[in-house]
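Data first, discussion second: the structure below is written as structure tokens.
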Amino acid sequence: MSDSLRNKVVVVTGASSGIGHSIALESAGRGATVILIARNKEKLEKVAAEAHELSGAPTYSFVTDMSESEQIDATFKDIVKVTKHVDYLVNCAGFGKFENFVEMDRREVTAMFQANVLGLMYFTRLIGRLMMDQKTGQIINFGSMAGKVPTVKSAAYSASKAAVIQFSNVLRLELKPFGVKVMTVNPGPVYTNFFNIADKSGEYVKNVERYILDPDDVAWQVVHFFGSNKRELNIPLSLAALAKLYNLFPSIGDKLSLKFASRK
């Protein structure tokens with residue numbers, strides 16, 4: 001492990017499991033002070049202990065539901081009490097559910113947008129202001145290949161991730177004059193607890209097994225681009241190519257999506 005992030009502060013939402021957990025530990029392994037945010041206190045404390053052991057630097061954890069604006073406000077106030085600056089914000093928190101849209105409970109759709117989009121936007125607004133004052137910083141928002149390539153049974157989830165992608169694109173332009181960078185990460189399927197909710201039958205995971213990414217590999221790539229001017233990280237390459245093809249030839253893209261990417 002290097003010390004490339006020594007004296008840097010990395011804030012990670014959704015840090016108790018999955019990609020957020022991996023990014024927290026990858027950052028800590030490079031010497032960063034990590035601030036961890038998630039809903040599960042027990043898991044969060046465990047990750048915080050692992051991170052501190054790796055970095056030897058201070059580690060902070062705040063139990064927060066990212067769909068609740070009042071909790072986000074309180075957590076931000078706690079963050080500025082323990083640090084005067086934030087170098088990197090990585091927004092990983094969110095969830096999805098694979099179901100035909102006309103059959104979905106509207107409350108589940110609302111909850112998905114609260115966590116995946118509105119909570120992310122609100123927290124980013126607070127941290128973004130801090131970074132504007134610093135005249136430096138980087139915001140990394142997790143979209144998804146689902147926000148670029150349509151697949152069946154993911155209308156609500158895909159819409160939430162498309163919103164994150166476009167929000168990030170505009171935010172990048174608005175924050176550029178202040179020296180703050182914005183990158184979007186759009187992974188394909190990643191082997192995490194996400195599928196415990198999204199794909200309870202296990203059929204989708206089984207059908208796309210050869211495309212599934214390892215969260216530690218994703219984390220390494222994300223942290224590798226800390227401080228860079230990269231706009232988007234689209235992985236794996238096969239799905240990134242499909243996303244480009246879809247933009248150029250949407251009719252062909254629909255056919256390929258139905259054949260290869262809609263096996264839910």
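We label chains A, B, ... in the order they appear in the structure tokens, count residues from 1 in each chain, and number ligands from 1 in the order shown.
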Expected answer as an NGL selection string: strand (DSSP E) residues in region 5-252 of chain A
:A and (9-13 or 33-38 or 59-63 or 88-91 or 137-142 or 180-187 or 232-235)
If we count only C-alpha atoms, what is near Lys46 (chain A) at a cut-off of 12 Å, once residues fewer than 6 positions away on the same chain are taken out, given as a count of residues only?
14
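Using only C-alpha atoms, the nearest neighbour of Ala51 (chain A) within the list A:Gly179, A:Gly94, A:Gly188, A:Gly29 is A:Gly29.
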Skipping near chain neighbours, those fewer than 5 positions away, what residues fall within 8 Å of region 140-144 of chain A using only C-alpha atoms, listed as a ChimeraX atom specification?
/A:88-92,158,161-162,164-165,168,182-188
I need the chosen residues saved as an mmCIF file, in the first residue's frame, with N, CA, C and O atoms.
```
data_model
loop_
_atom_site.group_PDB
_atom_site.id
_atom_site.type_symbol
_atom_site.label_atom_id
_atom_site.label_comp_id
_atom_site.auth_asym_id
_atom_site.auth_seq_id
_atom_site.Cartn_x
_atom_site.Cartn_y
_atom_site.Cartn_z
ATOM 1 N N TYR A 88 -12.190 14.383 -1.207
ATOM 2 C CA TYR A 88 -12.939 13.533 -2.125
ATOM 3 C C TYR A 88 -14.259 13.120 -1.484
ATOM 4 O O TYR A 88 -14.298 12.699 -0.327
ATOM 5 N N LEU A 89 -15.335 13.231 -2.250
ATOM 6 C CA LEU A 89 -16.633 12.704 -1.856
ATOM 7 C C LEU A 89 -17.008 11.606 -2.835
ATOM 8 O O LEU A 89 -17.047 11.841 -4.050
ATOM 9 N N VAL A 90 -17.277 10.411 -2.320
ATOM 10 C CA VAL A 90 -17.681 9.291 -3.165
ATOM 11 C C VAL A 90 -19.092 8.873 -2.756
ATOM 12 O O VAL A 90 -19.308 8.326 -1.673
ATOM 13 N N ASN A 91 -20.054 9.132 -3.625
ATOM 14 C CA ASN A 91 -21.456 8.808 -3.352
ATOM 15 C C ASN A 91 -21.796 7.429 -3.887
ATOM 16 O O ASN A 91 -22.038 7.251 -5.092
ATOM 17 N N CYS A 92 -21.808 6.443 -2.980
ATOM 18 C CA CYS A 92 -22.114 5.059 -3.362
ATOM 19 C C CYS A 92 -23.494 4.600 -2.876
ATOM 20 O O CYS A 92 -24.003 3.584 -3.341
ATOM 21 N N SER A 158 -33.160 2.449 -13.495
ATOM 22 C CA SER A 158 -32.423 3.054 -14.597
ATOM 23 C C SER A 158 -32.667 4.552 -14.659
ATOM 24 O O SER A 158 -31.744 5.334 -14.919
ATOM 25 N N LYS A 161 -30.609 6.311 -12.033
ATOM 26 C CA LYS A 161 -29.182 6.390 -12.366
ATOM 27 C C LYS A 161 -28.918 7.331 -13.538
ATOM 28 O O LYS A 161 -27.890 8.006 -13.583
ATOM 29 N N ALA A 162 -29.861 7.408 -14.483
ATOM 30 C CA ALA A 162 -29.735 8.379 -15.564
ATOM 31 C C ALA A 162 -29.780 9.794 -14.991
ATOM 32 O O ALA A 162 -29.061 10.692 -15.454
ATOM 33 N N VAL A 164 -28.716 10.663 -12.011
ATOM 34 C CA VAL A 164 -27.411 10.903 -11.377
ATOM 35 C C VAL A 164 -26.365 11.285 -12.424
ATOM 36 O O VAL A 164 -25.554 12.198 -12.206
ATOM 37 N N ILE A 165 -26.386 10.593 -13.550
ATOM 38 C CA ILE A 165 -25.411 10.870 -14.607
ATOM 39 C C ILE A 165 -25.569 12.292 -15.140
ATOM 40 O O ILE A 165 -24.598 13.039 -15.261
ATOM 41 N N SER A 168 -24.604 14.948 -12.620
ATOM 42 C CA SER A 168 -23.150 15.048 -12.526
ATOM 43 C C SER A 168 -22.568 15.825 -13.700
ATOM 44 O O SER A 168 -21.617 16.606 -13.540
ATOM 45 N N VAL A 182 -15.666 16.672 -11.077
ATOM 46 C CA VAL A 182 -16.785 15.735 -10.912
ATOM 47 C C VAL A 182 -16.597 14.575 -11.872
ATOM 48 O O VAL A 182 -16.413 14.773 -13.080
ATOM 49 N N MET A 183 -16.647 13.364 -11.336
ATOM 50 C CA MET A 183 -16.538 12.152 -12.150
ATOM 51 C C MET A 183 -17.730 11.243 -11.865
ATOM 52 O O MET A 183 -18.165 11.129 -10.723
ATOM 53 N N THR A 184 -18.238 10.624 -12.913
ATOM 54 C CA THR A 184 -19.304 9.642 -12.755
ATOM 55 C C THR A 184 -18.745 8.252 -12.993
ATOM 56 O O THR A 184 -17.997 8.037 -13.952
ATOM 57 N N VAL A 185 -19.102 7.309 -12.137
ATOM 58 C CA VAL A 185 -18.705 5.912 -12.307
ATOM 59 C C VAL A 185 -19.956 5.123 -12.682
ATOM 60 O O VAL A 185 -20.956 5.141 -11.958
ATOM 61 N N ASN A 186 -19.883 4.456 -13.832
ATOM 62 C CA ASN A 186 -21.031 3.706 -14.334
ATOM 63 C C ASN A 186 -20.654 2.241 -14.517
ATOM 64 O O ASN A 186 -20.235 1.825 -15.605
ATOM 65 N N PRO A 187 -20.780 1.459 -13.453
ATOM 66 C CA PRO A 187 -20.430 0.043 -13.568
ATOM 67 C C PRO A 187 -21.600 -0.783 -14.089
ATOM 68 O O PRO A 187 -22.769 -0.393 -13.967
ATOM 69 N N GLY A 188 -21.264 -1.914 -14.653
ATOM 70 C CA GLY A 188 -22.271 -2.922 -14.932
ATOM 71 C C GLY A 188 -22.570 -3.654 -13.637
ATOM 72 O O GLY A 188 -22.314 -3.119 -12.548
#
```
Got a sec: who's within 10 Å of Gln114 (chain A), counting only C-alpha atoms, leaving out chain neighbours fewer than 2 positions off, as a list in words?
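Everything that qualifies: Met66, Ser67, Glu68, Ser69, Gly94, Glu108, Val109, Thr110, Ala111, Met112, Asn116, Val117, Leu118, Gly119, Leu120, Met121 and Ser160 of chain A.
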Next, the residues of the selection above should be written as a PDB file, in the first residue's frame with N, CA, C and O atoms.
```
ATOM      1  N   MET A  66     -29.521   8.154   3.903  1.00  0.00           N
ATOM      2  CA  MET A  66     -29.326   9.147   2.859  1.00  0.00           C
ATOM      3  C   MET A  66     -30.614   9.552   2.148  1.00  0.00           C
ATOM      4  O   MET A  66     -30.598  10.378   1.246  1.00  0.00           O
ATOM      5  N   SER A  67     -31.724   8.981   2.554  1.00  0.00           N
ATOM      6  CA  SER A  67     -33.010   9.415   2.007  1.00  0.00           C
ATOM      7  C   SER A  67     -33.693  10.433   2.915  1.00  0.00           C
ATOM      8  O   SER A  67     -34.776  10.917   2.607  1.00  0.00           O
ATOM      9  N   GLU A  68     -33.050  10.753   4.048  1.00  0.00           N
ATOM     10  CA  GLU A  68     -33.631  11.676   5.022  1.00  0.00           C
ATOM     11  C   GLU A  68     -32.801  12.960   5.097  1.00  0.00           C
ATOM     12  O   GLU A  68     -31.665  12.951   5.568  1.00  0.00           O
ATOM     13  N   SER A  69     -33.363  14.069   4.616  1.00  0.00           N
ATOM     14  CA  SER A  69     -32.616  15.318   4.538  1.00  0.00           C
ATOM     15  C   SER A  69     -32.174  15.826   5.909  1.00  0.00           C
ATOM     16  O   SER A  69     -31.091  16.397   6.053  1.00  0.00           O
ATOM     17  N   GLY A  94     -27.293   3.752  -2.194  1.00  0.00           N
ATOM     18  CA  GLY A  94     -28.438   3.589  -3.080  1.00  0.00           C
ATOM     19  C   GLY A  94     -28.861   2.138  -3.158  1.00  0.00           C
ATOM     20  O   GLY A  94     -28.182   1.243  -2.642  1.00  0.00           O
ATOM     21  N   GLU A 108     -42.092   2.212  -3.318  1.00  0.00           N
ATOM     22  CA  GLU A 108     -40.740   1.725  -3.585  1.00  0.00           C
ATOM     23  C   GLU A 108     -40.025   2.621  -4.596  1.00  0.00           C
ATOM     24  O   GLU A 108     -38.825   2.869  -4.481  1.00  0.00           O
ATOM     25  N   VAL A 109     -40.776   3.102  -5.580  1.00  0.00           N
ATOM     26  CA  VAL A 109     -40.187   4.012  -6.567  1.00  0.00           C
ATOM     27  C   VAL A 109     -39.759   5.311  -5.885  1.00  0.00           C
ATOM     28  O   VAL A 109     -38.654   5.820  -6.112  1.00  0.00           O
ATOM     29  N   THR A 110     -40.628   5.836  -5.030  1.00  0.00           N
ATOM     30  CA  THR A 110     -40.310   7.072  -4.304  1.00  0.00           C
ATOM     31  C   THR A 110     -39.080   6.887  -3.430  1.00  0.00           C
ATOM     32  O   THR A 110     -38.180   7.736  -3.400  1.00  0.00           O
ATOM     33  N   ALA A 111     -39.026   5.767  -2.704  1.00  0.00           N
ATOM     34  CA  ALA A 111     -37.889   5.493  -1.821  1.00  0.00           C
ATOM     35  C   ALA A 111     -36.588   5.390  -2.616  1.00  0.00           C
ATOM     36  O   ALA A 111     -35.530   5.859  -2.173  1.00  0.00           O
ATOM     37  N   MET A 112     -36.670   4.788  -3.802  1.00  0.00           N
ATOM     38  CA  MET A 112     -35.491   4.627  -4.644  1.00  0.00           C
ATOM     39  C   MET A 112     -34.940   5.987  -5.083  1.00  0.00           C
ATOM     40  O   MET A 112     -33.733   6.231  -5.040  1.00  0.00           O
ATOM     41  N   ASN A 116     -31.329   7.250  -4.096  1.00  0.00           N
ATOM     42  CA  ASN A 116     -30.391   7.238  -5.217  1.00  0.00           C
ATOM     43  C   ASN A 116     -30.123   8.619  -5.798  1.00  0.00           C
ATOM     44  O   ASN A 116     -29.021   8.884  -6.297  1.00  0.00           O
ATOM     45  N   VAL A 117     -31.142   9.490  -5.760  1.00  0.00           N
ATOM     46  CA  VAL A 117     -31.030  10.771  -6.451  1.00  0.00           C
ATOM     47  C   VAL A 117     -31.087  11.959  -5.492  1.00  0.00           C
ATOM     48  O   VAL A 117     -30.127  12.717  -5.365  1.00  0.00           O
ATOM     49  N   LEU A 118     -32.195  12.130  -4.816  1.00  0.00           N
ATOM     50  CA  LEU A 118     -32.391  13.341  -4.019  1.00  0.00           C
ATOM     51  C   LEU A 118     -31.425  13.432  -2.844  1.00  0.00           C
ATOM     52  O   LEU A 118     -30.867  14.501  -2.569  1.00  0.00           O
ATOM     53  N   GLY A 119     -31.215  12.322  -2.142  1.00  0.00           N
ATOM     54  CA  GLY A 119     -30.256  12.324  -1.036  1.00  0.00           C
ATOM     55  C   GLY A 119     -28.851  12.621  -1.533  1.00  0.00           C
ATOM     56  O   GLY A 119     -28.109  13.398  -0.926  1.00  0.00           O
ATOM     57  N   LEU A 120     -28.478  11.975  -2.638  1.00  0.00           N
ATOM     58  CA  LEU A 120     -27.166  12.213  -3.242  1.00  0.00           C
ATOM     59  C   LEU A 120     -27.008  13.682  -3.618  1.00  0.00           C
ATOM     60  O   LEU A 120     -25.980  14.307  -3.336  1.00  0.00           O
ATOM     61  N   MET A 121     -28.037  14.256  -4.248  1.00  0.00           N
ATOM     62  CA  MET A 121     -27.963  15.653  -4.675  1.00  0.00           C
ATOM     63  C   MET A 121     -27.848  16.599  -3.480  1.00  0.00           C
ATOM     64  O   MET A 121     -27.046  17.539  -3.497  1.00  0.00           O
ATOM     65  N   SER A 160     -33.386   6.501 -12.165  1.00  0.00           N
ATOM     66  CA  SER A 160     -32.669   7.147 -11.055  1.00  0.00           C
ATOM     67  C   SER A 160     -31.193   7.311 -11.384  1.00  0.00           C
ATOM     68  O   SER A 160     -30.578   8.335 -11.073  1.00  0.00           O
TER      69      SER A 160
END
```
Each residue of region 90-155 of chain A lying at most 8 Å from region 226-242 of chain A should get a row with its shortest atom-to-atom pair and the distance in Å to one decimal, counting only C-alpha atoms; could you produce that, ordered by chain and increasing number, as CSV?
```
residue,atom,partner,partner_atom,distance
A:Gly137,CA,A:Gly227,CA,7.8
A:Gln138,CA,A:Gly227,CA,6.7
A:Met145,CA,A:Leu239,CA,7.2
A:Val149,CA,A:Leu242,CA,7.5
```
Got a sec: who's within 7 Å of Lys41 (chain A), counting only C-alpha atoms, leaving out chain neighbours fewer than 3 positions off, as an mmCIF file with all heavy atoms, in the first residue's frame?
```cif
data_model
loop_
_atom_site.group_PDB
_atom_site.id
_atom_site.type_symbol
_atom_site.label_atom_id
_atom_site.label_comp_id
_atom_site.auth_asym_id
_atom_site.auth_seq_id
_atom_site.Cartn_x
_atom_site.Cartn_y
_atom_site.Cartn_z
ATOM 1 N N LEU A 44 -20.919 -0.440 10.012
ATOM 2 C CA LEU A 44 -20.137 0.784 9.826
ATOM 3 C C LEU A 44 -18.959 0.828 10.784
ATOM 4 O O LEU A 44 -17.836 1.176 10.405
ATOM 5 C CB LEU A 44 -21.047 1.987 10.044
ATOM 6 C CG LEU A 44 -20.658 3.320 9.396
ATOM 7 C CD1 LEU A 44 -20.427 3.157 7.907
ATOM 8 C CD2 LEU A 44 -21.741 4.354 9.657
ATOM 9 N N GLU A 45 -19.194 0.457 12.023
ATOM 10 C CA GLU A 45 -18.127 0.450 13.021
ATOM 11 C C GLU A 45 -17.043 -0.572 12.679
ATOM 12 O O GLU A 45 -15.854 -0.331 12.906
ATOM 13 C CB GLU A 45 -18.712 0.168 14.407
ATOM 14 C CG GLU A 45 -19.542 1.329 14.948
ATOM 15 C CD GLU A 45 -20.186 1.022 16.283
ATOM 16 O OE1 GLU A 45 -20.219 -0.172 16.675
ATOM 17 O OE2 GLU A 45 -20.664 1.972 16.950
ATOM 18 N N VAL A 63 -23.820 7.272 11.321
ATOM 19 C CA VAL A 63 -25.002 6.508 10.909
ATOM 20 C C VAL A 63 -26.011 7.478 10.312
ATOM 21 O O VAL A 63 -26.476 8.404 10.984
ATOM 22 C CB VAL A 63 -25.615 5.760 12.114
ATOM 23 C CG1 VAL A 63 -26.870 5.013 11.686
ATOM 24 C CG2 VAL A 63 -24.588 4.807 12.718
#
```
Provide the CA of Asp133 (chain A) to CA of Phe167 (chain A) distance in Å, to one decimal place.
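Result for CA of Asp133 (chain A) versus CA of Phe167 (chain A): 20.8 Å, one decimal.
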Report the residues of region 110-257 of chain A whose backbone DSSP state falls under helix (DSSP H, G or I), written as a PyMOL selection string.
chain A and resi 110-134+145-147+155-178+194-198+203-207+209-211+215-224+237-248+250-257
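With only C-alpha atoms as the atoms that count, the residue of A:Thr136, A:Leu130, A:Gly147, A:Ile212 with the shortest distance to Pro177 (chain A) is A:Thr136.
Counting only C-alpha atoms and comparing A:Ile252, A:Ala115, A:Val152, A:Ala48, the residue that lies closest to Gly96 (chain A) is A:Ala115.
Taking only C-alpha atoms, the non-local environment of Ala57 (chain A) within 9 Å (same-chain residues fewer than 5 positions away omitted) comprises Arg6, Asn7, Ala28, Gly31, Ala32, Thr33, Val34, Ala51 and His52 of chain A.
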